[in-house]
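Below is the file model07.tsv, which contains TSV, C-alpha atoms.
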```tsv
chain	number	residue	atom	x	y	z
A	16	MET	CA	-23.41	2.35	10.77
A	17	ARG	CA	-20.79	2.12	8.02
A	18	ALA	CA	-17.58	0.12	8.29
A	19	TYR	CA	-14.47	1.10	6.35
A	20	LEU	CA	-12.73	-2.08	5.17
A	21	ASP	CA	-10.62	-0.69	2.32
A	22	HIS	CA	-7.39	0.28	4.07
A	23	ASN	CA	-5.20	-0.83	1.15
A	24	ALA	CA	-6.78	1.94	-0.92
A	25	THR	CA	-6.12	4.58	1.72
A	26	THR	CA	-6.03	4.79	5.49
A	27	PRO	CA	-7.70	7.23	7.88
A	28	LEU	CA	-5.50	10.12	8.96
A	29	ARG	CA	-3.73	9.33	12.23
A	30	ALA	CA	-4.15	11.68	15.16
A	31	GLU	CA	-0.37	12.15	15.26
A	32	ALA	CA	-0.31	13.20	11.61
A	33	ARG	CA	-3.26	15.54	12.04
A	34	ALA	CA	-1.59	17.25	15.01
A	35	ALA	CA	1.70	17.66	13.13
A	36	MET	CA	-0.07	19.09	10.11
A	37	MET	CA	-2.12	21.57	12.14
A	38	ALA	CA	1.01	22.81	13.87
A	39	ALA	CA	2.84	23.11	10.53
A	40	MET	CA	0.06	25.24	9.07
A	41	ASP	CA	0.88	27.94	11.59
A	42	VAL	CA	4.47	28.14	10.30
A	43	VAL	CA	4.42	30.78	7.61
A	44	GLY	CA	7.93	30.54	6.14
A	45	ASN	CA	9.16	29.04	2.89
A	46	PRO	CA	11.69	26.25	3.64
A	47	SER	CA	14.08	27.79	1.11
A	48	SER	CA	14.14	31.17	2.85
A	49	VAL	CA	17.07	31.96	5.13
A	50	HIS	CA	15.22	34.10	7.68
A	51	ALA	CA	13.80	32.78	10.95
A	52	GLU	CA	10.41	31.93	9.49
A	53	GLY	CA	12.01	30.04	6.63
A	54	ARG	CA	14.32	28.19	8.98
A	55	ALA	CA	11.33	27.15	11.10
A	56	ALA	CA	9.62	25.65	8.05
A	57	LYS	CA	12.85	23.99	6.99
A	58	GLY	CA	13.15	22.52	10.47
A	59	LEU	CA	9.77	20.83	10.12
A	60	VAL	CA	10.78	19.31	6.78
A	61	GLU	CA	14.08	18.04	8.16
A	62	ARG	CA	12.43	16.60	11.25
A	63	ALA	CA	10.02	14.67	9.04
A	64	ARG	CA	12.91	13.54	6.85
A	65	ALA	CA	14.64	12.11	9.92
A	66	GLN	CA	11.41	10.45	11.09
A	67	VAL	CA	10.86	8.73	7.75
A	68	ALA	CA	14.49	7.62	7.53
A	69	GLU	CA	14.41	6.17	11.04
A	70	ALA	CA	11.07	4.44	10.46
A	71	VAL	CA	12.41	2.55	7.42
A	72	GLY	CA	15.80	1.85	8.97
A	73	ALA	CA	17.62	4.17	6.59
A	74	SER	CA	19.86	6.19	8.87
A	75	GLY	CA	22.33	8.14	6.78
A	76	ALA	CA	20.35	7.64	3.57
A	77	ASP	CA	18.82	10.34	1.44
A	78	VAL	CA	15.07	10.89	1.68
A	79	VAL	CA	13.49	12.88	-1.15
A	80	PHE	CA	9.91	13.99	-0.61
A	81	THR	CA	7.58	13.77	-3.59
A	82	SER	CA	3.87	14.17	-4.32
A	83	GLY	CA	3.34	10.46	-3.70
A	84	ALA	CA	4.59	7.00	-4.57
A	85	THR	CA	3.74	7.45	-8.24
A	86	GLU	CA	6.14	10.37	-8.61
A	87	ALA	CA	8.73	8.60	-6.48
A	88	ALA	CA	8.49	5.56	-8.76
A	89	ALA	CA	9.12	7.73	-11.80
A	90	LEU	CA	12.14	9.31	-10.11
A	91	ALA	CA	13.54	5.89	-9.24
A	92	LEU	CA	12.75	4.05	-12.46
A	93	ALA	CA	12.77	6.45	-15.42
A	94	GLY	CA	15.30	5.45	-18.04
A	95	ARG	CA	16.71	2.50	-16.11
A	96	GLY	CA	15.12	-0.33	-18.12
A	97	LEU	CA	14.57	-2.60	-15.14
A	98	LYS	CA	12.68	-5.89	-15.20
A	99	ALA	CA	9.70	-6.64	-12.99
A	100	ALA	CA	6.73	-8.96	-12.66
A	101	PRO	CA	3.26	-8.11	-14.03
A	102	ILE	CA	1.94	-7.82	-10.47
A	103	GLU	CA	3.57	-4.44	-9.88
A	104	HIS	CA	1.43	-1.34	-9.33
A	105	ASP	CA	0.72	0.72	-12.45
A	106	ALA	CA	3.15	3.38	-11.20
A	107	VAL	CA	5.96	0.83	-11.54
A	108	HIS	CA	4.52	-1.12	-14.44
A	109	ALA	CA	4.72	2.01	-16.61
A	110	TRP	CA	8.53	2.10	-16.36
A	111	VAL	CA	9.64	-1.55	-16.42
A	112	ASP	CA	9.73	-4.60	-18.63
A	113	PRO	CA	7.15	-6.89	-16.93
A	114	VAL	CA	8.75	-10.23	-17.74
A	115	LEU	CA	9.63	-11.76	-14.37
A	116	PRO	CA	7.61	-14.92	-13.73
A	117	ILE	CA	5.49	-15.77	-10.69
A	118	VAL	CA	5.83	-19.22	-9.09
A	119	ASP	CA	3.53	-20.08	-6.16
A	120	GLY	CA	3.01	-16.38	-5.51
A	121	ALA	CA	6.72	-15.52	-5.48
A	122	VAL	CA	8.48	-13.34	-8.05
A	123	VAL	CA	11.42	-15.19	-9.62
A	124	VAL	CA	14.36	-12.79	-9.98
A	125	ASP	CA	17.34	-13.77	-12.12
A	126	ASP	CA	19.24	-10.47	-11.90
A	127	PRO	CA	18.42	-8.43	-8.78
A	128	ALA	CA	20.57	-5.48	-9.81
A	129	GLN	CA	18.40	-5.02	-12.89
A	130	SER	CA	15.05	-5.71	-11.27
A	131	ALA	CA	12.26	-4.06	-9.29
A	132	VAL	CA	10.12	-6.08	-6.88
A	133	GLN	CA	7.35	-4.81	-4.62
A	134	LEU	CA	7.39	-5.64	-0.93
A	135	ALA	CA	3.68	-6.45	-0.84
A	136	ASN	CA	0.82	-6.47	-3.32
A	137	SER	CA	-2.17	-4.23	-2.75
A	138	GLU	CA	-4.69	-6.59	-4.35
A	139	THR	CA	-3.66	-9.98	-2.98
A	140	GLY	CA	-1.65	-8.97	0.08
A	141	ILE	CA	1.13	-11.38	-0.91
A	142	VAL	CA	4.48	-10.38	0.61
A	143	GLN	CA	7.69	-10.97	-1.34
A	144	ASP	CA	11.08	-12.01	0.03
A	145	LEU	CA	13.25	-9.32	-1.53
A	146	PRO	CA	16.57	-10.58	-2.89
A	147	GLN	CA	19.79	-8.93	-1.77
A	148	GLY	CA	21.10	-6.47	-4.30
A	149	LEU	CA	17.66	-5.61	-5.67
A	150	ALA	CA	17.65	-2.31	-7.57
A	151	VAL	CA	14.27	-0.89	-6.50
A	152	SER	CA	11.35	-1.89	-4.29
A	153	ASP	CA	7.91	-0.37	-3.90
A	154	ILE	CA	7.28	-0.75	-0.16
A	155	THR	CA	4.07	1.30	-0.21
A	156	GLN	CA	1.70	-1.46	0.93
A	157	GLY	CA	4.10	-3.26	3.24
A	158	PHE	CA	5.56	-0.39	5.24
A	159	GLY	CA	4.29	-0.34	8.81
A	160	ARG	CA	2.51	-3.67	8.40
A	161	VAL	CA	5.38	-6.14	7.99
A	162	PRO	CA	8.98	-5.86	9.19
A	163	PHE	CA	11.27	-3.99	6.82
A	164	SER	CA	14.52	-2.15	7.24
A	165	PHE	CA	16.54	-0.46	4.54
A	166	SER	CA	19.64	-1.38	6.51
A	167	TRP	CA	19.21	-5.14	6.12
A	168	ALA	CA	16.98	-5.46	3.05
A	169	GLY	CA	19.86	-4.86	0.64
A	170	VAL	CA	17.75	-2.78	-1.76
A	171	GLY	CA	19.17	0.10	-3.75
A	172	MET	CA	16.07	2.33	-3.60
A	173	VAL	CA	12.65	2.15	-1.97
A	174	PHE	CA	9.62	4.40	-2.12
A	175	LEU	CA	6.37	4.78	-0.21
A	176	SER	CA	3.25	6.93	0.12
A	177	ALA	CA	2.03	8.57	3.32
A	178	HIS	CA	-1.67	7.88	2.94
A	179	LYS	CA	-1.11	4.12	3.13
A	180	PHE	CA	0.00	4.31	6.78
A	181	GLY	CA	-2.13	7.07	8.25
A	182	GLY	CA	-0.49	10.11	6.72
A	183	PRO	CA	-2.08	12.63	4.33
A	184	LYS	CA	-2.71	12.04	0.65
A	185	GLY	CA	-0.44	13.71	-1.88
A	186	VAL	CA	2.97	13.13	-0.30
A	187	GLY	CA	5.48	10.31	-0.60
A	188	ALA	CA	9.20	9.69	-0.53
A	189	LEU	CA	12.06	8.02	-2.36
A	190	ILE	CA	14.85	6.66	-0.18
A	191	PHE	CA	18.32	5.67	-1.35
A	192	PRO	CA	21.94	5.61	-0.12
A	193	ALA	CA	23.49	9.04	0.37
A	194	GLY	CA	25.39	10.20	-2.69
A	195	THR	CA	23.51	7.99	-5.17
A	196	ASP	CA	23.03	9.64	-8.56
A	197	VAL	CA	19.32	10.21	-9.17
A	198	ALA	CA	18.29	12.18	-12.24
A	199	ALA	CA	15.71	14.83	-11.40
A	200	GLN	CA	12.41	14.52	-13.29
A	201	ILE	CA	11.05	17.86	-12.05
A	202	LYS	CA	13.55	20.68	-12.49
A	203	GLY	CA	13.40	24.22	-11.27
A	204	GLY	CA	14.53	25.74	-7.98
A	205	GLY	CA	16.64	22.78	-6.91
A	206	GLN	CA	14.74	21.82	-3.76
A	207	GLU	CA	15.17	18.36	-2.22
A	208	MET	CA	18.91	18.31	-2.88
A	209	GLY	CA	18.29	19.04	-6.54
A	210	ARG	CA	16.39	15.77	-7.02
A	211	ARG	CA	12.86	17.22	-6.96
A	212	SER	CA	12.25	20.92	-7.48
A	213	GLY	CA	9.22	22.78	-6.18
A	214	THR	CA	8.42	24.36	-2.83
A	215	GLU	CA	7.93	21.60	-0.28
A	216	ASN	CA	4.44	20.80	0.98
A	217	VAL	CA	5.45	21.46	4.57
A	218	ALA	CA	2.21	20.47	6.28
A	219	ALA	CA	1.86	17.20	4.35
A	220	ILE	CA	5.52	16.34	4.89
A	221	ALA	CA	5.19	16.98	8.62
A	222	GLY	CA	2.15	14.70	8.66
A	223	MET	CA	4.03	12.00	6.80
A	224	GLY	CA	6.89	12.08	9.27
A	225	ALA	CA	4.59	11.80	12.27
A	226	ALA	CA	2.59	9.01	10.64
A	227	ALA	CA	5.73	7.06	9.74
A	228	ALA	CA	6.96	7.16	13.32
A	229	ALA	CA	3.56	6.11	14.67
A	230	ALA	CA	3.18	3.31	12.11
A	231	GLN	CA	6.54	1.83	12.99
A	232	ALA	CA	5.69	2.03	16.71
A	233	ASP	CA	2.42	0.17	16.10
A	234	LEU	CA	4.23	-2.57	14.19
A	235	ALA	CA	6.84	-2.94	16.93
A	236	ALA	CA	4.05	-3.15	19.51
A	237	GLY	CA	2.49	-6.11	17.67
A	238	LYS	CA	-0.78	-4.37	16.87
A	239	TRP	CA	-1.06	-6.05	13.48
A	240	ASP	CA	-1.16	-9.48	15.13
A	241	ARG	CA	-4.72	-8.75	16.27
A	242	VAL	CA	-5.62	-7.63	12.75
A	243	ALA	CA	-4.29	-10.89	11.30
A	244	LYS	CA	-6.56	-12.80	13.68
A	245	LEU	CA	-9.54	-10.76	12.48
A	246	ARG	CA	-8.60	-11.48	8.87
A	247	ASN	CA	-8.50	-15.20	9.65
A	248	ILE	CA	-11.88	-15.02	11.40
A	249	LEU	CA	-13.33	-13.34	8.33
A	250	GLU	CA	-11.94	-15.94	5.95
A	251	LYS	CA	-13.12	-18.90	8.03
A	252	ALA	CA	-16.61	-17.43	8.21
A	253	ILE	CA	-16.76	-16.70	4.47
A	254	GLU	CA	-15.47	-20.18	3.66
A	255	ALA	CA	-18.02	-21.80	5.96
A	256	ALA	CA	-20.81	-19.89	4.26
A	257	GLU	CA	-19.63	-20.46	0.69
A	258	LYS	CA	-17.47	-23.54	0.13
A	259	SER	CA	-16.67	-22.58	-3.46
A	260	THR	CA	-14.85	-19.41	-2.40
A	261	ILE	CA	-11.18	-19.20	-3.43
A	262	PHE	CA	-8.78	-17.21	-1.24
A	263	VAL	CA	-5.96	-15.79	-3.35
A	264	GLY	CA	-2.51	-16.25	-1.85
A	265	LYS	CA	-3.77	-18.05	1.26
A	266	GLY	CA	-0.80	-20.41	1.25
A	267	CYS	CA	1.68	-17.53	0.84
A	268	LYS	CA	3.11	-14.98	3.21
A	269	ARG	CA	0.54	-12.17	3.24
A	270	LEU	CA	-0.12	-8.81	4.78
A	271	PRO	CA	-1.94	-9.29	8.09
A	272	ASN	CA	-4.89	-7.18	7.01
A	273	THR	CA	-5.65	-8.35	3.47
A	274	SER	CA	-8.08	-10.93	2.14
A	275	CYS	CA	-8.69	-11.31	-1.58
A	276	PHE	CA	-11.35	-13.90	-2.32
A	277	ILE	CA	-13.24	-15.09	-5.38
A	278	THR	CA	-16.79	-16.40	-5.41
A	279	PRO	CA	-17.57	-18.10	-8.72
A	280	GLY	CA	-20.47	-16.54	-10.58
A	281	TRP	CA	-20.50	-13.30	-8.60
A	282	LYS	CA	-18.56	-10.40	-10.09
A	283	GLY	CA	-16.36	-8.42	-7.76
A	284	GLU	CA	-17.69	-5.08	-9.01
A	285	THR	CA	-21.24	-6.21	-8.24
A	286	GLN	CA	-20.20	-7.28	-4.76
A	287	VAL	CA	-18.59	-3.88	-4.14
A	288	MET	CA	-21.82	-2.09	-5.03
A	289	VAL	CA	-23.99	-4.47	-3.02
A	290	MET	CA	-21.79	-4.20	0.05
A	291	ASP	CA	-21.56	-0.42	-0.29
A	292	LEU	CA	-25.33	-0.20	-0.12
A	293	ALA	CA	-25.19	-2.47	2.93
A	294	GLY	CA	-22.79	-0.05	4.63
A	295	PHE	CA	-19.36	-1.52	3.94
A	296	ALA	CA	-16.48	-0.01	1.97
A	297	VAL	CA	-14.55	-2.77	0.19
A	298	SER	CA	-12.85	-3.05	-3.19
A	299	ALA	CA	-12.60	-5.21	-6.28
A	300	GLY	CA	-8.84	-4.55	-6.51
A	301	SER	CA	-6.34	-1.73	-6.56
A	302	ALA	CA	-7.96	1.67	-5.98
A	303	CYS	CA	-6.09	2.96	-9.02
A	304	SER	CA	-7.80	0.46	-11.32
A	305	SER	CA	-10.99	-0.64	-9.58
A	306	GLY	CA	-13.04	1.99	-11.39
A	307	LYS	CA	-11.99	0.64	-14.79
A	308	VAL	CA	-13.80	-2.21	-16.49
A	309	LYS	CA	-10.93	-4.61	-16.98
A	310	VAL	CA	-9.64	-7.85	-15.51
A	311	SER	CA	-6.82	-7.58	-13.00
A	312	ARG	CA	-3.47	-8.42	-14.58
A	313	VAL	CA	-2.25	-9.15	-11.04
A	314	LEU	CA	-4.68	-12.01	-10.70
A	315	GLN	CA	-3.99	-13.15	-14.26
A	316	ALA	CA	-0.29	-13.30	-13.39
A	317	HIS	CA	-1.19	-15.68	-10.57
A	318	GLY	CA	-2.76	-18.06	-13.07
A	319	LEU	CA	-6.42	-17.10	-12.71
A	320	ASP	CA	-8.54	-16.95	-15.84
A	321	ASP	CA	-10.57	-13.89	-16.75
A	322	GLU	CA	-13.83	-15.20	-15.33
A	323	ALA	CA	-12.30	-16.08	-11.98
A	324	ALA	CA	-10.34	-12.84	-11.75
A	325	ALA	CA	-13.49	-10.83	-12.42
A	326	GLY	CA	-15.04	-12.33	-9.27
A	327	ALA	CA	-12.39	-11.04	-6.87
A	328	LEU	CA	-13.29	-9.00	-3.81
A	329	ARG	CA	-10.66	-7.41	-1.56
A	330	VAL	CA	-11.25	-6.70	2.10
A	331	SER	CA	-8.43	-4.83	3.82
A	332	LEU	CA	-8.61	-4.14	7.53
A	333	GLY	CA	-6.97	-1.49	9.70
A	334	ILE	CA	-5.58	-1.33	13.21
A	335	GLU	CA	-8.83	0.23	14.44
A	336	THR	CA	-11.07	-2.37	12.75
A	337	THR	CA	-13.20	-4.22	15.29
A	338	GLU	CA	-14.40	-7.80	15.42
A	339	ASP	CA	-17.96	-6.49	15.38
A	340	GLU	CA	-17.32	-4.76	12.05
A	341	VAL	CA	-15.83	-7.93	10.60
A	342	MET	CA	-18.73	-10.10	11.75
A	343	ARG	CA	-21.31	-7.60	10.53
A	344	PHE	CA	-19.60	-7.66	7.13
A	345	VAL	CA	-19.62	-11.46	7.07
A	346	GLN	CA	-23.31	-11.55	7.98
A	347	ALA	CA	-24.23	-8.99	5.33
A	348	TRP	CA	-22.10	-10.72	2.69
A	349	THR	CA	-23.53	-14.17	3.41
A	350	ASP	CA	-27.09	-12.79	3.39
A	351	LYS	CA	-26.54	-11.13	0.00
A	352	ARG	CA	-24.92	-14.27	-1.36
A	353	ALA	CA	-27.79	-16.46	-0.18
A	354	ARG	CA	-30.35	-14.14	-1.78
A	355	ARG	CA	-28.42	-14.16	-5.05
A	356	LYS	CA	-28.28	-17.95	-5.13
A	357	ALA	CA	-31.99	-18.18	-4.35
A	358	ALA	CA	-32.98	-15.73	-7.07
```

Would you mind giving the structure from this file in structure tokens?
Amino acid sequence: MRAYLDHNATTPLRAEARAAMMAAMDVVGNPSSVHAEGRAAKGLVERARAQVAEAVGASGADVVFTSGATEAAALALAGRGLKAAPIEHDAVHAWVDPVLPIVDGAVVVDDPAQSAVQLANSETGIVQDLPQGLAVSDITQGFGRVPFSFSWAGVGMVFLSAHKFGGPKGVGALIFPAGTDVAAQIKGGGQEMGRRSGTENVAAIAGMGAAAAAAQADLAAGKWDRVAKLRNILEKAIEAAEKSTIFVGKGCKRLPNTSCFITPGWKGETQVMVMDLAGFAVSAGSACSSGKVKVSRVLQAHGLDDEAAAGALRVSLGIETTEDEVMRFVQAWTDKRARRKAA
């Protein structure tokens, strides 16, 4: 029986999102049409917009739906010349000057108004304390897993992607104060308040809204506390089995579900393949780069050399992950490690 332990890459579709999407598929209208069918579709989009805004504590802010966090990042960052740290996701890294240093896992920001800082890192799980007045934050990995509110974070713009919190793939959003000037990158019919043209993906947007509401409810209910305990159980068991293992960011504030660990002499990519054959889906890093033969610049930015960084394995749990799945993974991993050492 397989166990999915790669929730930072993507999460299973929530029942709430699936139901919202199925209902939306029966609504035939174009949201830009003024007749009853069009108004019904528009109503679904606006309901989802309100759900996303409420979930991130952005009442009264503008929410622009996009094809995902990558497009939202481009909309937020293009032409702004912001500074960031090398640990940012490629979608951000492509638009910034990656010069901000990392000290003990924390990004050092000298000018928040000219900087972009992620809320949490997908590879290490390290959570940043965002400075007041920050220009832009990628909250994709942190949303729904750690407390965040646009109202008190003091960030100019944030963006996120639905499939990281139980919504569908291919839809995201950029959120910013109402009236903020955002230059459209995709021009055409003027949808999304002129910020992002193109007929809205009504079903995906409806799913995102439902997933955002459910994710925030789970966080408020403390469901991630149990996941953090499972993560700690996993790490203690791995450490007991292999004393040389290094846990990246263990002394830092981290996402409750993420463990990134390095076992000297055992490449992360090899571990991924071995564990896949054993029935476990894990990762050697960000899903956007794990298929490429290169050392993680995120881990390099944290002071790890190329050899150490190449040995990283990321296990990311979900709300539905069970202790049995975690312990089966630990047993399989320790067995494979023992066989490798004996060979």

> Looking at all atoms listed in the file, which of A:Ala357, A:Ala109, A:Ala87, A:Ile117 is the one that sits closest to Leu314 in chain A?
Replying inline: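 Ranked by minimum distance to Leu314 in chain A, first place goes to A:Ile117.
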
> Closest to Arg246 in chain A among A:Glu340, A:Asp321, A:Asp77, A:Glu215, using all atoms listed in the file?
Replying inline: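 Using all atoms listed in the file, the shortest distance to Arg246 in chain A belongs to A:Glu340.
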
> Of the candidates A:Asp126, A:Asp350, A:Asp240, A:Asp153, which one gets nearest to Met172 in chain A if we count only C-alpha atoms?
Replying inline: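 Residue with the minimum atom-to-atom distance to Met172 in chain A: A:Asp153.
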
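Minimum distance to Ser82 in chain A across A:Val263, A:Ala325, A:Ala219, A:Ala150 (counting all atoms listed in the file) occurs at A:Ala219.
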
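Each of A:Lys309, A:His50, A:Lys268, A:Arg352 was compared to Asn136 in chain A using all atoms listed in the file, and A:Lys268 turns out to be the nearest.
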
Could you write range 156-166 of chain A as a PDB file, keeping the file's coordinate frame, with all heavy atoms rebuilt where they are missing?
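Listing of result-v2.pdb after writing:
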```pdb
ATOM      1  N   GLN A 156       2.708  -0.694   0.209  1.00  0.00           N
ATOM      2  CA  GLN A 156       1.700  -1.460   0.930  1.00  0.00           C
ATOM      3  C   GLN A 156       2.260  -2.169   2.162  1.00  0.00           C
ATOM      4  O   GLN A 156       1.527  -2.415   3.121  1.00  0.00           O
ATOM      5  CB  GLN A 156       1.033  -2.489   0.018  1.00  0.00           C
ATOM      6  CG  GLN A 156       0.050  -1.906  -0.961  1.00  0.00           C
ATOM      7  CD  GLN A 156      -1.181  -1.317  -0.292  1.00  0.00           C
ATOM      8  OE1 GLN A 156      -1.530  -1.642   0.835  1.00  0.00           O
ATOM      9  NE2 GLN A 156      -1.856  -0.421  -1.004  1.00  0.00           N
ATOM     10  N   GLY A 157       3.531  -2.481   2.138  1.00  0.00           N
ATOM     11  CA  GLY A 157       4.100  -3.260   3.240  1.00  0.00           C
ATOM     12  C   GLY A 157       4.586  -2.438   4.413  1.00  0.00           C
ATOM     13  O   GLY A 157       4.613  -2.926   5.560  1.00  0.00           O
ATOM     14  N   PHE A 158       4.981  -1.190   4.168  1.00  0.00           N
ATOM     15  CA  PHE A 158       5.560  -0.390   5.240  1.00  0.00           C
ATOM     16  C   PHE A 158       4.597  -0.238   6.409  1.00  0.00           C
ATOM     17  O   PHE A 158       3.433   0.102   6.240  1.00  0.00           O
ATOM     18  CB  PHE A 158       5.973   0.993   4.748  1.00  0.00           C
ATOM     19  CG  PHE A 158       6.397   1.893   5.875  1.00  0.00           C
ATOM     20  CD1 PHE A 158       7.610   1.710   6.515  1.00  0.00           C
ATOM     21  CD2 PHE A 158       5.539   2.875   6.352  1.00  0.00           C
ATOM     22  CE1 PHE A 158       7.981   2.504   7.584  1.00  0.00           C
ATOM     23  CE2 PHE A 158       5.897   3.687   7.410  1.00  0.00           C
ATOM     24  CZ  PHE A 158       7.124   3.491   8.037  1.00  0.00           C
ATOM     25  N   GLY A 159       5.096  -0.484   7.603  1.00  0.00           N
ATOM     26  CA  GLY A 159       4.290  -0.340   8.810  1.00  0.00           C
ATOM     27  C   GLY A 159       3.403  -1.523   9.108  1.00  0.00           C
ATOM     28  O   GLY A 159       2.772  -1.565  10.166  1.00  0.00           O
ATOM     29  N   ARG A 160       3.352  -2.497   8.192  1.00  0.00           N
ATOM     30  CA  ARG A 160       2.510  -3.670   8.400  1.00  0.00           C
ATOM     31  C   ARG A 160       3.311  -4.953   8.523  1.00  0.00           C
ATOM     32  O   ARG A 160       2.871  -5.896   9.187  1.00  0.00           O
ATOM     33  CB  ARG A 160       1.511  -3.809   7.232  1.00  0.00           C
ATOM     34  CG  ARG A 160       0.542  -2.645   7.134  1.00  0.00           C
ATOM     35  CD  ARG A 160      -0.356  -2.765   5.924  1.00  0.00           C
ATOM     36  NE  ARG A 160      -1.227  -1.593   5.805  1.00  0.00           N
ATOM     37  CZ  ARG A 160      -2.027  -1.365   4.774  1.00  0.00           C
ATOM     38  NH1 ARG A 160      -2.066  -2.229   3.772  1.00  0.00           N
ATOM     39  NH2 ARG A 160      -2.772  -0.279   4.748  1.00  0.00           N
ATOM     40  N   VAL A 161       4.460  -4.996   7.865  1.00  0.00           N
ATOM     41  CA  VAL A 161       5.380  -6.140   7.990  1.00  0.00           C
ATOM     42  C   VAL A 161       6.779  -5.590   8.235  1.00  0.00           C
ATOM     43  O   VAL A 161       7.090  -4.469   7.836  1.00  0.00           O
ATOM     44  CB  VAL A 161       5.361  -7.024   6.720  1.00  0.00           C
ATOM     45  CG1 VAL A 161       4.010  -7.688   6.533  1.00  0.00           C
ATOM     46  CG2 VAL A 161       5.736  -6.218   5.482  1.00  0.00           C
ATOM     47  N   PRO A 162       7.630  -6.358   8.904  1.00  0.00           N
ATOM     48  CA  PRO A 162       8.980  -5.860   9.190  1.00  0.00           C
ATOM     49  C   PRO A 162       9.747  -5.543   7.909  1.00  0.00           C
ATOM     50  O   PRO A 162       9.741  -6.306   6.949  1.00  0.00           O
ATOM     51  CB  PRO A 162       9.623  -7.042   9.938  1.00  0.00           C
ATOM     52  CG  PRO A 162       8.482  -7.780  10.545  1.00  0.00           C
ATOM     53  CD  PRO A 162       7.376  -7.673   9.531  1.00  0.00           C
ATOM     54  N   PHE A 163      10.398  -4.399   7.924  1.00  0.00           N
ATOM     55  CA  PHE A 163      11.270  -3.990   6.820  1.00  0.00           C
ATOM     56  C   PHE A 163      12.267  -2.981   7.337  1.00  0.00           C
ATOM     57  O   PHE A 163      11.918  -2.087   8.108  1.00  0.00           O
ATOM     58  CB  PHE A 163      10.476  -3.349   5.670  1.00  0.00           C
ATOM     59  CG  PHE A 163      11.367  -2.831   4.570  1.00  0.00           C
ATOM     60  CD1 PHE A 163      11.784  -3.668   3.560  1.00  0.00           C
ATOM     61  CD2 PHE A 163      11.830  -1.517   4.585  1.00  0.00           C
ATOM     62  CE1 PHE A 163      12.643  -3.197   2.564  1.00  0.00           C
ATOM     63  CE2 PHE A 163      12.677  -1.039   3.600  1.00  0.00           C
ATOM     64  CZ  PHE A 163      13.087  -1.889   2.593  1.00  0.00           C
ATOM     65  N   SER A 164      13.501  -3.135   6.918  1.00  0.00           N
ATOM     66  CA  SER A 164      14.520  -2.150   7.240  1.00  0.00           C
ATOM     67  C   SER A 164      15.455  -1.991   6.046  1.00  0.00           C
ATOM     68  O   SER A 164      15.975  -2.974   5.520  1.00  0.00           O
ATOM     69  CB  SER A 164      15.333  -2.567   8.470  1.00  0.00           C
ATOM     70  OG  SER A 164      16.365  -1.630   8.715  1.00  0.00           O
ATOM     71  N   PHE A 165      15.632  -0.763   5.643  1.00  0.00           N
ATOM     72  CA  PHE A 165      16.540  -0.460   4.540  1.00  0.00           C
ATOM     73  C   PHE A 165      17.944  -0.976   4.834  1.00  0.00           C
ATOM     74  O   PHE A 165      18.678  -1.375   3.937  1.00  0.00           O
ATOM     75  CB  PHE A 165      16.561   1.061   4.336  1.00  0.00           C
ATOM     76  CG  PHE A 165      17.202   1.517   3.058  1.00  0.00           C
ATOM     77  CD1 PHE A 165      16.541   1.410   1.855  1.00  0.00           C
ATOM     78  CD2 PHE A 165      18.478   2.071   3.069  1.00  0.00           C
ATOM     79  CE1 PHE A 165      17.127   1.846   0.673  1.00  0.00           C
ATOM     80  CE2 PHE A 165      19.074   2.504   1.895  1.00  0.00           C
ATOM     81  CZ  PHE A 165      18.395   2.391   0.692  1.00  0.00           C
ATOM     82  N   SER A 166      18.291  -1.002   6.117  1.00  0.00           N
ATOM     83  CA  SER A 166      19.640  -1.380   6.510  1.00  0.00           C
ATOM     84  C   SER A 166      19.945  -2.850   6.252  1.00  0.00           C
ATOM     85  O   SER A 166      21.084  -3.214   5.963  1.00  0.00           O
ATOM     86  CB  SER A 166      19.872  -1.065   7.998  1.00  0.00           C
ATOM     87  OG  SER A 166      18.990  -1.810   8.815  1.00  0.00           O
TER      88      SER A 166
END
```
